[in-house]
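**Student:** Here it is, the structure, as C-alpha cells.
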Amino acid sequence: MKKSTILLLALVYIVSFFVIGLLGHSIRNYNPEVYPESIEIIDPDNRTEMSKDTVDPDTGELLYNYYFVYKNYKSGDSVRIKANIKPDNCTYPDIKFTKDESDTSFKIDTHETNPNVEKNFALITLTGELETVLSTPFFVSATNPGTQIKLKVCITFVSPLLS
C-alpha cells in the first residue's frame, strides 16, 4: 500500500468516530433507579377508622402521620396494616416497621419476623389484657439507601366498654 492510501484510511477511520458520535444513539440506562417519594398506610381489612396528619390541638405540633382507632377490641384481636411505597415502580419497594423496644404492651409481626405475614404488611397485637384504651405508636420507613422517609403511625385499641 502506498503512503497516501494508508493516510486516507486513517483519516476516514478518525472521521467515522466523530460522525458516529454525532449521529449515533447514545447509551441509555434501561433500568433507571427510581427512589421512593412517599409511603401510604392503609388498613386492608377496614377494621379501623383512619385519620392522616393528626396534630396536637394545643401546640399545633404533628403527632402522627397516620392514626388508626380500633373499636370493640376483644382479647387476641390484631390489626393488619399495609404500607405502599409510591411510585409503584420504585427500585426499593420494601418497608421497615420499628417500635420502641422498651414498650412491651404490643408486638409487631412482619415478614422478617413471621414468614406467614406478607411483605410490606404488619400485624399489630396487644401482649396483655386491655382495660380501657391503649395506644401503640411505631414507625414505618423506607429501606432505600438514599433519601429517608419515616412516618410515625399509631393504632389505638378501644375496649368495647367505652364504645
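Letters for chains follow the order of the C-alpha cells (A, B, ...), residue numbers begin at 1 for each chain, and ligand numbers begin at 1 in the order shown.
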I'd like the neighbourhood of Pro160 in chain A as a PyMOL selection string, where a residue qualifies if any of its atoms comes within 8 Å (using only C-alpha atoms), though same-chain residues fewer than 3 positions away should be ignored.

**Tutor:** chain A and resi 71-74+163

**Student:** DSSP on the backbone, then: every residue of chain A marked strand (DSSP E), written as a PyMOL selection string.

**Tutor:** chain A and resi 38-42+49-55+62-70+78-86+95-98+106-109+121-126+133-142+150-158

**Student:** Any chance you could tabulate, as a tab-separated table, the residues of range 48-83 of chain A at most 7 Å from range 124-132 of chain A with each one's nearest atom pair and distance in Å to one decimal, using only C-alpha atoms, in chain and rising number order?

**Tutor:**
residue	atom	partner	partner_atom	distance
A:Ser75	CA	A:Glu129	CA	6.7
A:Asp77	CA	A:Thr125	CA	6.7
A:Ser78	CA	A:Thr125	CA	4.5
A:Val79	CA	A:Ile124	CA	5.2
A:Arg80	CA	A:Ile124	CA	6.4

**Student:** Using only C-alpha atoms, please write the residues we just selected to a file, as a PDB file, in the first residue's frame.

**Tutor:**
ATOM      1  CA  SER A  75     -58.683 -10.310  73.576  1.00  0.00           C
ATOM      2  CA  ASP A  77     -57.548  -9.484  68.112  1.00  0.00           C
ATOM      3  CA  SER A  78     -54.867  -7.984  65.902  1.00  0.00           C
ATOM      4  CA  VAL A  79     -54.833  -5.232  63.330  1.00  0.00           C
ATOM      5  CA  ARG A  80     -53.239  -5.782  59.927  1.00  0.00           C
TER       6      ARG A  80
END

**Student:** With a distance cut-off of 8 Å and only C-alpha atoms, select the neighbouring residues of Asn120 in chain A, excluding the residue or stretch itself and same-chain residues fewer than 3 positions from it, and output the selection as a JSON list (two decimals) with all heavy atoms, in the first residue's frame.

**Tutor:**
[["chain", "number", "residue", "atom", "x", "y", "z"],
["A", 82, "LYS", "N", -51.07, -2.25, 55.91],
["A", 82, "LYS", "CA", -50.18, -2.40, 54.75],
["A", 82, "LYS", "C", -49.57, -1.05, 54.43],
["A", 82, "LYS", "O", -50.24, -0.02, 54.47],
["A", 82, "LYS", "CB", -50.96, -2.90, 53.54],
["A", 82, "LYS", "CG", -50.08, -3.09, 52.32],
["A", 82, "LYS", "CD", -50.83, -3.57, 51.12],
["A", 82, "LYS", "CE", -49.83, -3.79, 49.99],
["A", 82, "LYS", "NZ", -50.47, -4.04, 48.72],
["A", 83, "ALA", "N", -48.30, -1.07, 54.08],
["A", 83, "ALA", "CA", -47.59, 0.14, 53.67],
["A", 83, "ALA", "C", -47.25, 0.03, 52.19],
["A", 83, "ALA", "O", -46.68, -0.98, 51.75],
["A", 83, "ALA", "CB", -46.32, 0.32, 54.49],
["A", 84, "ASN", "N", -47.62, 1.04, 51.42],
["A", 84, "ASN", "CA", -47.33, 1.08, 49.98],
["A", 84, "ASN", "C", -46.33, 2.19, 49.70],
["A", 84, "ASN", "O", -46.51, 3.32, 50.13],
["A", 84, "ASN", "CB", -48.61, 1.37, 49.18],
["A", 84, "ASN", "CG", -49.62, 0.27, 49.28],
["A", 84, "ASN", "OD1", -49.26, -0.90, 49.28],
["A", 84, "ASN", "ND2", -50.88, 0.64, 49.39],
["A", 94, "ASP", "N", -39.36, -2.10, 49.56],
["A", 94, "ASP", "CA", -39.54, -2.70, 50.88],
["A", 94, "ASP", "C", -39.71, -1.66, 51.97],
["A", 94, "ASP", "O", -39.18, -0.55, 51.90],
["A", 94, "ASP", "CB", -38.37, -3.62, 51.20],
["A", 94, "ASP", "CG", -38.31, -4.83, 50.28],
["A", 94, "ASP", "OD1", -39.38, -5.24, 49.81],
["A", 94, "ASP", "OD2", -37.21, -5.33, 50.03],
["A", 95, "ILE", "N", -40.41, -2.07, 53.02],
["A", 95, "ILE", "CA", -40.75, -1.23, 54.15],
["A", 95, "ILE", "C", -40.17, -1.84, 55.43],
["A", 95, "ILE", "O", -40.07, -3.05, 55.55],
["A", 95, "ILE", "CB", -42.29, -1.13, 54.29],
["A", 95, "ILE", "CG1", -42.89, -0.45, 53.08],
["A", 95, "ILE", "CG2", -42.72, -0.45, 55.55],
["A", 95, "ILE", "CD1", -42.60, 1.01, 52.98],
["A", 96, "LYS", "N", -39.85, -0.97, 56.38],
["A", 96, "LYS", "CA", -39.36, -1.43, 57.67],
["A", 96, "LYS", "C", -40.28, -0.87, 58.76],
["A", 96, "LYS", "O", -40.53, 0.34, 58.80],
["A", 96, "LYS", "CB", -37.93, -0.95, 57.88],
["A", 96, "LYS", "CG", -37.32, -1.42, 59.16],
["A", 96, "LYS", "CD", -35.88, -0.94, 59.25],
["A", 96, "LYS", "CE", -35.26, -1.38, 60.55],
["A", 96, "LYS", "NZ", -33.90, -0.85, 60.67],
["A", 110, "THR", "N", -43.86, -8.84, 61.26],
["A", 110, "THR", "CA", -43.66, -8.50, 59.85],
["A", 110, "THR", "C", -43.16, -9.75, 59.12],
["A", 110, "THR", "O", -42.98, -10.80, 59.73],
["A", 110, "THR", "CB", -42.64, -7.37, 59.69],
["A", 110, "THR", "OG1", -41.38, -7.82, 60.23],
["A", 110, "THR", "CG2", -43.08, -6.11, 60.40],
["A", 111, "HIS", "N", -42.93, -9.62, 57.84],
["A", 111, "HIS", "CA", -42.44, -10.75, 57.04],
["A", 111, "HIS", "C", -41.08, -11.23, 57.55],
["A", 111, "HIS", "O", -40.76, -12.41, 57.47],
["A", 111, "HIS", "CB", -42.35, -10.34, 55.57],
["A", 111, "HIS", "CG", -41.97, -11.47, 54.67],
["A", 111, "HIS", "ND1", -42.81, -12.53, 54.41],
["A", 111, "HIS", "CD2", -40.83, -11.72, 53.97],
["A", 111, "HIS", "CE1", -42.21, -13.38, 53.59],
["A", 111, "HIS", "NE2", -41.01, -12.91, 53.31]]

**Student:** For Phe68 in chain A, which residue out of A:Pro93, A:Leu7, A:Asp53, A:Gly24 is the nearest one, using only C-alpha atoms?

**Tutor:** A:Asp53
